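Novice: run-v5.tsv (TSV, C-alpha atoms) pasted underneath:
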chain	number	residue	atom	x	y	z
A	1	MET	CA	-121.18	189.73	66.80
A	2	ILE	CA	-120.08	188.88	70.33
A	3	GLU	CA	-116.75	190.24	71.37
A	4	VAL	CA	-114.61	187.84	73.41
A	5	LYS	CA	-111.22	188.51	74.93
A	6	VAL	CA	-108.86	186.05	76.58
A	7	LEU	CA	-106.71	187.82	79.14
A	8	GLY	CA	-103.33	186.42	80.09
A	9	PRO	CA	-99.63	186.83	79.51
A	10	GLY	CA	-99.55	183.90	77.09
A	11	CYS	CA	-99.07	180.88	79.30
A	12	LYS	CA	-100.23	177.38	78.51
A	13	ASN	CA	-103.54	177.69	80.34
A	14	CYS	CA	-104.38	180.82	78.37
A	15	GLN	CA	-103.67	179.08	75.08
A	16	THR	CA	-105.81	176.12	76.09
A	17	THR	CA	-108.64	178.45	77.05
A	18	HIS	CA	-108.35	180.27	73.73
A	19	LYS	CA	-108.51	177.01	71.83
A	20	LEU	CA	-111.50	175.73	73.82
A	21	ILE	CA	-113.46	178.88	73.04
A	22	VAL	CA	-112.68	178.52	69.34
A	23	ASP	CA	-113.80	174.87	69.46
A	24	VAL	CA	-117.03	175.47	71.33
A	25	THR	CA	-118.13	178.40	69.19
A	26	ASN	CA	-117.29	176.54	65.99
A	27	GLU	CA	-119.16	173.43	67.10
A	28	ASN	CA	-122.24	175.46	67.91
A	29	GLY	CA	-122.09	177.90	65.03
A	30	ILE	CA	-121.74	180.90	67.30
A	31	GLU	CA	-120.04	183.85	65.64
A	32	ILE	CA	-117.61	185.78	67.77
A	33	THR	CA	-114.56	187.92	67.45
A	34	LEU	CA	-111.82	186.49	69.61
A	35	GLU	CA	-108.87	188.49	70.80
A	36	LYS	CA	-105.90	187.67	73.01
A	37	VAL	CA	-104.94	190.40	75.45
A	38	GLU	CA	-101.41	190.21	76.80
A	39	ASP	CA	-100.94	193.81	77.88
A	40	MET	CA	-100.80	193.94	81.66
A	41	ALA	CA	-102.40	197.36	82.03
A	42	GLU	CA	-105.37	196.25	79.95
A	43	ILE	CA	-105.72	192.97	81.84
A	44	MET	CA	-105.71	194.84	85.15
A	45	SER	CA	-108.20	197.36	83.85
A	46	TYR	CA	-110.82	194.62	84.13
A	47	GLY	CA	-109.87	194.03	87.76
A	48	ILE	CA	-108.62	190.53	87.02
A	49	MET	CA	-105.63	189.18	88.94
A	50	SER	CA	-105.71	185.53	88.10
A	51	THR	CA	-105.26	184.43	84.55
A	52	PRO	CA	-106.58	183.20	82.20
A	53	GLY	CA	-109.48	185.59	82.31
A	54	VAL	CA	-112.29	185.74	79.78
A	55	ILE	CA	-114.25	188.86	78.88
A	56	VAL	CA	-117.50	188.51	76.96
A	57	ASP	CA	-118.91	191.75	75.59
A	58	GLY	CA	-117.01	193.77	78.16
A	59	LYS	CA	-118.10	191.67	81.15
A	60	ILE	CA	-115.97	189.24	83.14
A	61	ALA	CA	-117.11	185.74	82.32
A	62	HIS	CA	-114.33	183.77	83.96
A	63	ALA	CA	-111.01	184.09	85.76
A	64	GLY	CA	-108.25	181.94	87.13
A	65	SER	CA	-108.66	178.56	85.47
A	66	ILE	CA	-109.42	176.74	82.26
A	67	PRO	CA	-113.20	176.81	81.83
A	68	ASP	CA	-115.07	173.66	80.81
A	69	LYS	CA	-117.04	173.51	77.57
A	70	LYS	CA	-120.45	173.69	79.19
A	71	THR	CA	-119.45	176.85	81.03
A	72	ILE	CA	-118.13	178.40	77.83
A	73	LEU	CA	-121.39	177.63	76.09
A	74	SER	CA	-123.38	179.23	78.89
A	75	TRP	CA	-121.77	182.62	78.18
A	76	PHE	CA	-123.42	182.72	74.80
A	77	LYS	CA	-126.77	181.42	75.98
A	78	SER	CA	-128.77	184.53	75.35
A	79	SER	CA	-127.19	185.20	71.99
A	80	CYS	CA	-127.86	181.93	70.23
A	81	CYS	CA	-131.14	180.41	69.17
A	82	PRO	CA	-132.93	180.12	72.55
A	83	ALA	CA	-135.67	177.98	71.02
A	84	ASP	CA	-133.33	175.21	70.02
A	85	ASP	CA	-132.69	172.79	72.90
A	86	ASN	CA	-129.70	171.24	71.22
A	87	CYS	CA	-127.98	174.54	71.17
A	88	CYS	CA	-127.59	175.56	74.79
B	1	MET	CA	-107.67	148.56	101.31
B	2	PHE	CA	-104.77	149.50	99.02
B	3	ASN	CA	-102.55	146.99	100.74
B	4	ARG	CA	-105.04	144.20	100.08
B	5	LEU	CA	-105.42	145.20	96.45
B	6	ALA	CA	-101.65	145.04	96.04
B	7	ASP	CA	-101.53	141.68	97.84
B	8	PHE	CA	-104.19	140.36	95.51
B	9	VAL	CA	-102.50	141.51	92.30
B	10	VAL	CA	-99.00	140.42	93.28
B	11	SER	CA	-99.65	137.02	94.78
B	12	GLU	CA	-102.98	135.91	93.29
B	13	LEU	CA	-102.90	137.35	89.78
B	14	LEU	CA	-99.18	137.14	89.11
B	15	GLY	CA	-98.38	134.32	91.50
B	16	LEU	CA	-95.15	135.92	92.78
B	17	GLN	CA	-93.40	134.83	95.96
B	18	ALA	CA	-94.01	137.44	98.64
B	19	ASP	CA	-90.42	137.93	99.77
B	20	THR	CA	-88.61	138.42	96.46
B	21	SER	CA	-87.30	141.82	95.34
B	22	VAL	CA	-89.61	141.87	92.33
B	23	ALA	CA	-92.65	141.14	94.43
B	24	GLU	CA	-91.69	143.74	97.00
B	25	SER	CA	-91.12	146.44	94.39
B	26	LEU	CA	-94.30	145.59	92.55
B	27	HIS	CA	-96.33	145.44	95.75
B	28	PHE	CA	-95.02	148.85	96.79
B	29	PHE	CA	-95.71	150.28	93.33
B	30	ILE	CA	-99.31	149.06	93.10
B	31	MET	CA	-100.13	150.08	96.65
B	32	ASP	CA	-98.63	153.54	96.30
B	33	ILE	CA	-99.94	154.29	92.85
B	34	THR	CA	-103.53	153.41	93.73
B	35	LYS	CA	-103.32	155.20	97.05
B	36	ILE	CA	-101.78	158.38	95.60
B	37	PHE	CA	-104.13	158.63	92.63
B	38	PHE	CA	-107.09	158.04	94.89
B	39	MET	CA	-105.97	160.76	97.27
B	40	LEU	CA	-104.99	163.16	94.47
B	41	ILE	CA	-108.37	162.93	92.78
B	42	LEU	CA	-110.21	163.33	96.07
B	43	VAL	CA	-108.10	166.23	97.29
B	44	ILE	CA	-107.99	168.12	93.98
B	45	TYR	CA	-111.75	167.74	93.70
B	46	LEU	CA	-112.35	169.06	97.21
B	47	MET	CA	-109.91	171.91	96.69
B	48	GLY	CA	-111.65	172.67	93.39
B	49	LEU	CA	-114.99	172.95	95.18
B	50	PHE	CA	-113.37	175.16	97.79
B	51	ARG	CA	-111.73	177.35	95.15
B	52	SER	CA	-114.97	177.93	93.36
B	53	PHE	CA	-115.72	180.09	96.41
B	54	VAL	CA	-112.32	181.78	96.75
B	55	SER	CA	-110.66	183.83	94.03
B	56	ALA	CA	-107.48	185.88	93.92
B	57	GLU	CA	-109.65	189.00	93.74
B	58	LYS	CA	-111.41	188.05	96.96
B	59	VAL	CA	-108.07	187.26	98.61
B	60	ARG	CA	-106.91	190.75	97.79
B	61	ASN	CA	-109.96	192.30	99.39
B	62	TYR	CA	-109.49	190.11	102.45
B	63	VAL	CA	-105.86	191.03	102.97
B	64	GLN	CA	-106.21	194.71	102.16
B	65	GLY	CA	-106.00	197.00	105.16
B	66	ARG	CA	-105.45	194.34	107.85
B	67	ALA	CA	-102.82	194.59	110.56
B	68	GLU	CA	-99.55	193.43	109.08
B	69	TRP	CA	-99.16	190.12	110.87
B	70	VAL	CA	-102.77	189.21	110.16
B	71	ALA	CA	-102.35	190.19	106.52
B	72	ARG	CA	-99.18	188.13	106.30
B	73	SER	CA	-100.69	185.03	107.88
B	74	LEU	CA	-103.73	185.31	105.63
B	75	ALA	CA	-101.55	185.80	102.57
B	76	ILE	CA	-99.54	182.66	103.38
B	77	LEU	CA	-102.60	180.55	104.11
B	78	LEU	CA	-104.23	181.72	100.91
B	79	GLY	CA	-100.99	181.21	99.00
B	80	ALA	CA	-101.05	177.63	100.18
B	81	VAL	CA	-104.63	176.92	99.14
B	82	THR	CA	-104.76	178.88	95.90
B	83	PRO	CA	-102.63	177.66	93.08
B	84	PHE	CA	-101.44	179.97	90.46
B	85	CYS	CA	-99.49	179.12	87.40
B	86	SER	CA	-96.36	181.25	87.52
B	87	CYS	CA	-97.75	183.40	84.72
B	88	SER	CA	-100.30	184.71	87.20
B	89	SER	CA	-97.56	186.14	89.42
B	90	VAL	CA	-97.38	189.42	87.54
B	91	PRO	CA	-101.07	190.35	87.64
B	92	LEU	CA	-101.22	189.16	91.25
B	93	PHE	CA	-98.22	191.25	92.17
B	94	ILE	CA	-99.64	194.36	90.53
B	95	GLY	CA	-103.04	193.75	92.09
B	96	PHE	CA	-101.53	193.48	95.57
B	97	VAL	CA	-99.38	196.58	95.09
B	98	GLU	CA	-102.35	198.51	93.80
B	99	ALA	CA	-104.39	197.56	96.85
B	100	GLY	CA	-101.71	199.08	99.08
B	101	ILE	CA	-100.75	195.72	100.58
B	102	PRO	CA	-97.14	195.96	101.86
B	103	LEU	CA	-94.60	194.40	99.50
B	104	GLY	CA	-93.26	192.16	102.27
B	105	VAL	CA	-96.70	190.57	102.58
B	106	THR	CA	-96.89	190.09	98.82
B	107	PHE	CA	-93.51	188.37	98.93
B	108	SER	CA	-94.72	186.09	101.72
B	109	PHE	CA	-97.54	185.09	99.40
B	110	LEU	CA	-95.18	184.57	96.47
B	111	ILE	CA	-92.87	182.38	98.57
B	112	ALA	CA	-95.63	180.24	100.06
B	113	SER	CA	-97.66	179.67	96.94
B	114	PRO	CA	-95.33	177.46	94.86
B	115	MET	CA	-93.93	175.65	97.93
B	116	ILE	CA	-97.14	174.55	99.58
B	117	ASN	CA	-99.91	173.11	97.49
B	118	GLU	CA	-102.26	170.19	97.71
B	119	ILE	CA	-100.36	168.08	95.20
B	120	ALA	CA	-97.10	168.32	97.10
B	121	VAL	CA	-98.94	167.53	100.31
B	122	VAL	CA	-100.68	164.45	98.90
B	123	MET	CA	-97.50	163.12	97.29
B	124	LEU	CA	-95.44	163.66	100.42
B	125	PHE	CA	-98.11	162.13	102.60
B	126	GLY	CA	-98.40	159.08	100.34
B	127	ILE	CA	-94.68	158.56	99.91
B	128	VAL	CA	-92.93	159.62	103.09
B	129	GLY	CA	-95.71	159.75	105.66
B	130	TRP	CA	-97.60	162.39	107.58
B	131	LYS	CA	-94.86	163.45	110.00
B	132	ILE	CA	-92.53	164.73	107.30
B	133	THR	CA	-95.51	166.23	105.46
B	134	VAL	CA	-96.48	168.30	108.49
B	135	LEU	CA	-92.85	169.34	108.96
B	136	TYR	CA	-92.64	170.40	105.32
B	137	ILE	CA	-95.82	172.49	105.45
B	138	PHE	CA	-94.78	174.09	108.71
B	139	SER	CA	-91.22	174.84	107.50
B	140	GLY	CA	-92.57	176.33	104.27
B	141	MET	CA	-94.86	178.63	106.21
B	142	VAL	CA	-92.03	179.73	108.50
B	143	VAL	CA	-89.80	180.52	105.52
B	144	ALA	CA	-92.60	182.51	103.86
B	145	PHE	CA	-93.43	184.39	107.06
B	146	VAL	CA	-89.89	185.28	108.09
B	147	GLY	CA	-88.67	185.79	104.52
B	148	GLY	CA	-91.41	188.34	103.85
B	149	ILE	CA	-90.62	190.26	107.05
B	150	ILE	CA	-86.89	190.47	106.27
B	151	ILE	CA	-87.52	191.54	102.67
B	152	GLN	CA	-89.77	194.32	103.98
B	153	LYS	CA	-86.89	195.65	106.13
B	154	PHE	CA	-84.96	196.46	102.95
B	155	LYS	CA	-87.77	198.74	101.70
B	156	PRO	CA	-88.18	196.91	98.39
B	157	GLU	CA	-90.71	199.51	97.21
B	158	ARG	CA	-87.87	201.48	95.63
B	159	TRP	CA	-87.16	198.58	93.28
B	160	VAL	CA	-90.63	198.21	91.85
B	161	GLU	CA	-90.81	199.16	88.18
B	162	ASP	CA	-92.37	202.59	87.71
B	163	TYR	CA	-95.18	201.52	85.44
B	164	VAL	CA	-96.54	199.22	88.16
B	165	TRP	CA	-97.44	202.21	90.32
B	166	LYS	CA	-99.31	203.78	87.44
B	167	ILE	CA	-101.57	200.86	86.69
B	168	ARG	CA	-105.00	201.37	88.10
B	169	MET	CA	-107.16	198.39	88.55
B	170	GLY	CA	-110.48	198.83	86.94
B	171	GLU	CA	-113.59	196.94	87.66
B	172	ALA	CA	-115.71	195.30	85.06
B	173	GLN	CA	-119.18	193.98	85.46
B	174	THR	CA	-119.38	190.27	85.88
B	175	LEU	CA	-121.39	188.13	83.56
B	176	GLU	CA	-124.20	186.36	85.33
B	177	GLN	CA	-122.52	183.48	87.14
B	178	ASP	CA	-123.88	180.03	87.52
B	179	ASN	CA	-123.44	179.55	91.26
B	180	SER	CA	-125.34	176.31	91.54
B	181	LEU	CA	-123.72	173.35	93.23
B	182	GLN	CA	-123.79	171.63	89.87
B	183	ALA	CA	-121.64	174.33	88.29
B	184	ARG	CA	-119.19	174.13	91.19
B	185	HIS	CA	-119.07	170.38	90.78
B	186	ARG	CA	-118.27	170.86	87.09
B	187	TYR	CA	-115.56	173.35	87.98
B	188	ALA	CA	-113.98	170.93	90.44
B	189	LEU	CA	-114.15	168.08	87.92
B	190	THR	CA	-112.42	170.25	85.32
B	191	GLU	CA	-109.71	171.00	87.85
B	192	VAL	CA	-109.20	167.28	88.48
B	193	LYS	CA	-109.00	166.59	84.76
B	194	THR	CA	-106.59	169.45	84.06
B	195	ILE	CA	-104.28	168.79	86.98
B	196	VAL	CA	-104.23	165.00	86.88
B	197	GLY	CA	-103.82	165.18	83.10
B	198	ARG	CA	-100.74	167.30	83.62
B	199	ILE	CA	-99.05	165.37	86.41
B	200	TRP	CA	-99.96	161.69	86.04
B	201	LYS	CA	-96.73	160.83	84.20
B	202	TRP	CA	-94.67	162.35	86.99
B	203	VAL	CA	-96.59	160.50	89.63
B	204	ILE	CA	-96.01	157.16	87.92
B	205	LEU	CA	-92.37	157.97	87.31
B	206	GLY	CA	-91.88	159.09	90.89
B	207	VAL	CA	-93.61	156.15	92.49
B	208	GLY	CA	-91.80	153.81	90.08
B	209	ALA	CA	-88.44	155.18	91.19
B	210	GLY	CA	-89.53	154.83	94.79
B	211	ALA	CA	-90.62	151.23	94.22
B	212	LEU	CA	-87.23	150.33	92.71
B	213	PHE	CA	-85.47	151.78	95.74
B	214	HIS	CA	-87.84	149.88	97.97
B	215	GLY	CA	-87.16	146.45	96.52
B	216	TYR	CA	-83.55	146.78	95.40
B	217	PHE	CA	-81.99	149.23	97.79
B	218	PRO	CA	-78.94	147.72	99.52
B	219	GLN	CA	-78.77	148.64	103.17
B	220	GLU	CA	-75.00	149.26	103.14
B	221	TRP	CA	-75.40	152.38	100.96
B	222	ALA	CA	-77.11	154.22	103.74
B	223	SER	CA	-74.27	153.77	106.22
B	224	ASN	CA	-71.72	154.85	103.63
B	225	LEU	CA	-73.58	158.06	102.98
B	226	GLY	CA	-74.25	158.70	106.64
B	227	ASP	CA	-71.31	161.03	107.04
B	228	ALA	CA	-72.63	163.25	104.24
B	229	ASN	CA	-74.70	164.86	106.98
B	230	SER	CA	-72.14	167.42	107.92
B	231	PHE	CA	-72.96	171.02	108.67
B	232	LEU	CA	-72.26	171.96	105.04
B	233	ALA	CA	-74.77	169.48	103.61
B	234	VAL	CA	-77.71	171.86	104.07
B	235	PRO	CA	-76.27	174.92	102.27
B	236	LEU	CA	-74.87	172.65	99.56
B	237	ALA	CA	-78.25	171.02	98.98
B	238	VAL	CA	-79.98	174.40	98.91
B	239	ILE	CA	-77.48	175.99	96.55
B	240	MET	CA	-77.90	173.00	94.27
B	241	GLY	CA	-81.66	173.23	94.54
B	242	VAL	CA	-82.14	176.93	93.79
B	243	PRO	CA	-81.30	176.84	90.06
B	244	LEU	CA	-83.06	173.49	89.59
B	245	TYR	CA	-86.58	173.93	88.43
B	246	SER	CA	-89.23	171.40	88.97
B	247	ASN	CA	-92.69	171.27	90.35
B	248	ALA	CA	-93.24	169.61	93.69
B	249	VAL	CA	-94.32	166.39	92.01
B	250	GLY	CA	-90.94	165.82	90.41
B	251	VAL	CA	-89.03	166.63	93.58
B	252	ILE	CA	-90.71	164.23	95.94
B	253	PRO	CA	-89.33	160.98	94.48
B	254	LEU	CA	-85.91	162.60	94.62
B	255	ALA	CA	-86.54	163.49	98.25
B	256	GLU	CA	-87.58	159.93	98.96
B	257	ALA	CA	-84.39	158.62	97.43
B	258	MET	CA	-82.36	161.05	99.55
B	259	LEU	CA	-84.13	159.99	102.73
B	260	LEU	CA	-83.57	156.32	101.88
B	261	LYS	CA	-79.89	157.00	101.35
B	262	GLY	CA	-79.72	158.34	104.86
B	263	VAL	CA	-79.63	162.06	104.09
B	264	ALA	CA	-81.00	163.93	107.10
B	265	ILE	CA	-84.61	165.15	107.04
B	266	GLY	CA	-83.67	168.82	107.43
B	267	THR	CA	-81.28	168.61	104.50
B	268	THR	CA	-83.85	166.84	102.32
B	269	LEU	CA	-86.68	169.23	103.14
B	270	ALA	CA	-84.39	172.24	102.59
B	271	PHE	CA	-83.49	170.83	99.18
B	272	MET	CA	-87.17	170.36	98.29
B	273	MET	CA	-88.10	173.85	99.42
B	274	SER	CA	-85.27	175.46	97.50
B	275	ILE	CA	-86.33	173.76	94.28
B	276	ALA	CA	-89.98	174.68	94.65
B	277	ALA	CA	-89.67	178.21	96.05
B	278	ILE	CA	-87.25	179.76	93.60
B	279	SER	CA	-86.98	179.03	89.93
B	280	VAL	CA	-85.39	180.86	87.04
B	281	PRO	CA	-88.64	181.04	85.03
B	282	GLU	CA	-90.44	182.61	87.97
B	283	LEU	CA	-87.63	185.13	88.47
B	284	ILE	CA	-87.76	186.06	84.79
B	285	ILE	CA	-91.48	186.63	85.03
B	286	LEU	CA	-91.11	188.69	88.22
B	287	ARG	CA	-88.44	190.79	86.52
B	288	LYS	CA	-91.30	192.42	84.61
B	289	VAL	CA	-92.47	194.10	87.80
B	290	ILE	CA	-89.38	194.43	90.01
B	291	LYS	CA	-85.78	195.41	89.33
B	292	TRP	CA	-82.92	192.96	89.64
B	293	GLN	CA	-81.90	194.29	93.07
B	294	ALA	CA	-85.22	193.12	94.45
B	295	LEU	CA	-84.87	189.77	92.68
B	296	ALA	CA	-81.42	189.29	94.20
B	297	LEU	CA	-82.77	190.22	97.61
B	298	PHE	CA	-85.72	187.85	97.21
B	299	THR	CA	-83.46	184.97	96.13
B	300	GLY	CA	-80.87	185.66	98.81
B	301	ILE	CA	-83.28	185.92	101.70
B	302	VAL	CA	-85.33	182.90	100.74
B	303	THR	CA	-82.12	180.88	100.30
B	304	ILE	CA	-80.80	181.90	103.72
B	305	SER	CA	-84.14	181.27	105.43
B	306	ILE	CA	-84.34	177.79	103.93
B	307	ILE	CA	-80.79	176.98	105.04
B	308	LEU	CA	-81.59	178.14	108.59
B	309	VAL	CA	-84.75	176.04	108.70
B	310	GLY	CA	-82.78	173.03	107.40
B	311	TRP	CA	-80.16	173.41	110.10
B	312	PHE	CA	-82.79	173.88	112.74
B	313	LEU	CA	-84.64	170.71	111.70
B	314	ASN	CA	-81.40	168.71	111.60
B	315	SER	CA	-80.48	169.89	115.08
B	316	ILE	CA	-83.79	168.92	116.70
B	317	LEU	CA	-84.40	165.62	114.89
Mind turning the file's structure into structure tokens?

Specialist:
Amino acid sequence: MIEVKVLGPGCKNCQTTHKLIVDVTNENGIEITLEKVEDMAEIMSYGIMSTPGVIVDGKIAHAGSIPDKKTILSWFKSSCCPADDNCC
Amino acid sequence: MFNRLADFVVSELLGLQADTSVAESLHFFIMDITKIFFMLILVIYLMGLFRSFVSAEKVRNYVQGRAEWVARSLAILLGAVTPFCSCSSVPLFIGFVEAGIPLGVTFSFLIASPMINEIAVVMLFGIVGWKITVLYIFSGMVVAFVGGIIIQKFKPERWVEDYVWKIRMGEAQTLEQDNSLQARHRYALTEVKTIVGRIWKWVILGVGAGALFHGYFPQEWASNLGDANSFLAVPLAVIMGVPLYSNAVGVIPLAEAMLLKGVAIGTTLAFMMSIAAISVPELIILRKVIKWQALALFTGIVTISIILVGWFLNSIL
């Protein structure tokens, strides 16, 4: 299971990002646990200053804007069916 | 190009007489709307490409440890080219504090960032022309520069919430990034989609209001309102503007209407700056990191700086 965190104090862009990740992973059958992090100390502990930030398995995947779907998909590249071209 | 398109639609497609109010309004509307959307898309795209190279984290590293005036100038320039939704102010603030960047410099950044951005610049340029646009950018930078210096004199460090000092920024590994030009292009396109998707209604509304003024505005109004340009007009406009909250897009049509009614440029620009620079939602967010004394100081100093700039512009123009 891939662990994904959306970092941000709960603004509109963070919510949109959260929803996009849910959509993309559902569409592609990728199983993740998704968590919203609104605690400032925890957000800063990743060294992120611009929100929304996205953490995938403890690594910074994105910061400062709403990511597009293709970018979201690329985070899970290695973890989903590499043989299937339709997947990633 | 845009003029010809408007000519074509108004006189060829709709067959309107060129010198009627309807035709004039419509011509203005079509010309401005096409021009502004064209410029917005182009500029947001280019800024998106640029931003895929610059992040808030890099800005922090840039500013950290520089001589104060260099740090301040950099912070203002970067505040102008990097957007942040106001919810990013808190992490940005903490990040700057943690890097040991003087609070006055951080405030310069916080003042400049909402006032100067590419959308405001494009809208102003399209609606009121390049001269006022340059004046606006320059005035905004002056307010941010001077405001930050004055705030620093009050030693605002004592009003920072205690927990802010305790936060330590960590560093996490970054996932392998796609740094190809293609990925940057995608990033920029997403920016265009997100931003234009958010503001298009305001642009149409704003240009529509402008077009109505253009075709139907009676000249006599201007002379009647001419004497509103007294010394007190600037502080009045600013005090009205501070509690109003709007993004730059919503303000510009209002500014255009004020200019058309003969309100002086300094007064109008001061009004615009006061709306963009200080807003209640931003103050509420900043309250999470600084005490109310610092908020009052921030509001007071920015307000006074804007009034001074307004007076100055009115006296030289």

Novice: Suppose you want the space between CA of Glu171 in chain B and CA of Lys59 in chain A; what is it in Å?

Specialist: 9.5 Å

Novice: Would you pick out the contacts of Glu42 in chain A at 12 Å or less, using all atoms listed in the file, so that residues sharing its chain but fewer than 4 positions from it are not included, and give the list as a list in words?

Specialist: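 Non-adjacent residues within range: Lys5, Val6, Leu7, Gly8, Pro9, Lys36, Val37, Glu38, Tyr46, Gly47, Ile48, Met49, Gly53 and Ile55 of chain A; Pro91, Ile167, Arg168, Met169, Gly170, Glu171 and Ala172 of chain B.
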
Novice: Using Å and a single decimal, report how far CA of Phe2 in chain B sits from CA of Asp32 in chain B.

Specialist: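 These atoms are spaced 7.8 Å apart.
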
Novice: Quick one: pull the distance between CA of Tyr187 in chain B and CA of Ala112 in chain B, Å, one decimal.

Specialist: 24.3 Å

Novice: Tell me which of A:Ser65, A:Thr16, A:Met1, A:Leu73 sits closest to Ser52 in chain B, counting all atoms listed in the file.

Specialist: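 Closest to Ser52 in chain B of all the choices is A:Ser65.
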
Novice: Kindly provide, as a list of chain:residue names, the polymer residues lying within 6 Å of (-92.2, 190.1, 104.6), counting all atoms listed in the file and using the coordinates exactly as they appear in the file.

Specialist: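 Returned residue set, sorted by chain then number, is B:Gly104, B:Val105, B:Ser108, B:Gly147, B:Gly148, B:Ile149, B:Ile150, B:Ile151, B:Gln152.
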
Novice: Please work out which residues fall within 12 Å of (-97.1, 195.8, 101.1), coordinates as given in the file, with all atoms listed in the file counting, and return them as an NGL selection string.

Specialist: :B and (60 or 63-69 or 71-72 or 75 or 93-109 or 148-149 or 151-153 or 155-157 or 160)

Novice: Could you write those residues out with C-alpha atoms, as a short mmCIF file (atom, residue, chain, number, x, y, z; two decimals), in the frame of the given file?

Specialist:
data_model
loop_
_atom_site.label_atom_id
_atom_site.label_comp_id
_atom_site.auth_asym_id
_atom_site.auth_seq_id
_atom_site.Cartn_x
_atom_site.Cartn_y
_atom_site.Cartn_z
CA ARG B 60 -106.91 190.75 97.79
CA VAL B 63 -105.86 191.03 102.97
CA GLN B 64 -106.21 194.71 102.16
CA GLY B 65 -106.00 197.00 105.16
CA ARG B 66 -105.45 194.34 107.85
CA ALA B 67 -102.82 194.59 110.56
CA GLU B 68 -99.55 193.43 109.08
CA TRP B 69 -99.16 190.12 110.87
CA ALA B 71 -102.35 190.19 106.52
CA ARG B 72 -99.18 188.13 106.30
CA ALA B 75 -101.55 185.80 102.57
CA PHE B 93 -98.22 191.25 92.17
CA ILE B 94 -99.64 194.36 90.53
CA GLY B 95 -103.04 193.75 92.09
CA PHE B 96 -101.53 193.48 95.57
CA VAL B 97 -99.38 196.58 95.09
CA GLU B 98 -102.35 198.51 93.80
CA ALA B 99 -104.39 197.56 96.85
CA GLY B 100 -101.71 199.08 99.08
CA ILE B 101 -100.75 195.72 100.58
CA PRO B 102 -97.14 195.96 101.86
CA LEU B 103 -94.60 194.40 99.50
CA GLY B 104 -93.26 192.16 102.27
CA VAL B 105 -96.70 190.57 102.58
CA THR B 106 -96.89 190.09 98.82
CA PHE B 107 -93.51 188.37 98.93
CA SER B 108 -94.72 186.09 101.72
CA PHE B 109 -97.54 185.09 99.40
CA GLY B 148 -91.41 188.34 103.85
CA ILE B 149 -90.62 190.26 107.05
CA ILE B 151 -87.52 191.54 102.67
CA GLN B 152 -89.77 194.32 103.98
CA LYS B 153 -86.89 195.65 106.13
CA LYS B 155 -87.77 198.74 101.70
CA PRO B 156 -88.18 196.91 98.39
CA GLU B 157 -90.71 199.51 97.21
CA VAL B 160 -90.63 198.21 91.85
#

Novice: With a distance threshold of 10 Å and counting all atoms listed in the file, extract the residues of chain A near chain B and express them as a ChimeraX atom specification.

Specialist: /A:8-14,40-52,55-71,74-75

Novice: Just checking: using all atoms listed in the file, which residue out of B:Leu232, B:Ile290, B:Val192, B:Leu283 ends up closest to Trp165 in chain B?

Specialist: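 When distances to Trp165 in chain B are compared using all atoms listed in the file, the smallest one comes from B:Ile290.
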
Novice: Would you place a box with edges along x, y and z of the file around all atoms of range 236-243 of chain B listed there, add 3 Å to each of its six sides, and report the centre and edge lengths in Å to one decimal, as lines of an AutoDock Vina configuration file?

Specialist:
center_x = -78.5
center_y = 174.0
center_z = 94.8
size_x = 13.3
size_y = 11.9
size_z = 15.5

Novice: So, with all atoms listed in the file as the atoms that count, which of B:Val302, B:Leu49, B:Val59, B:Leu5 lies closest to Asn179 in chain B?

Specialist: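 Using all atoms listed in the file, Asn179 in chain B sits closest to B:Leu49.
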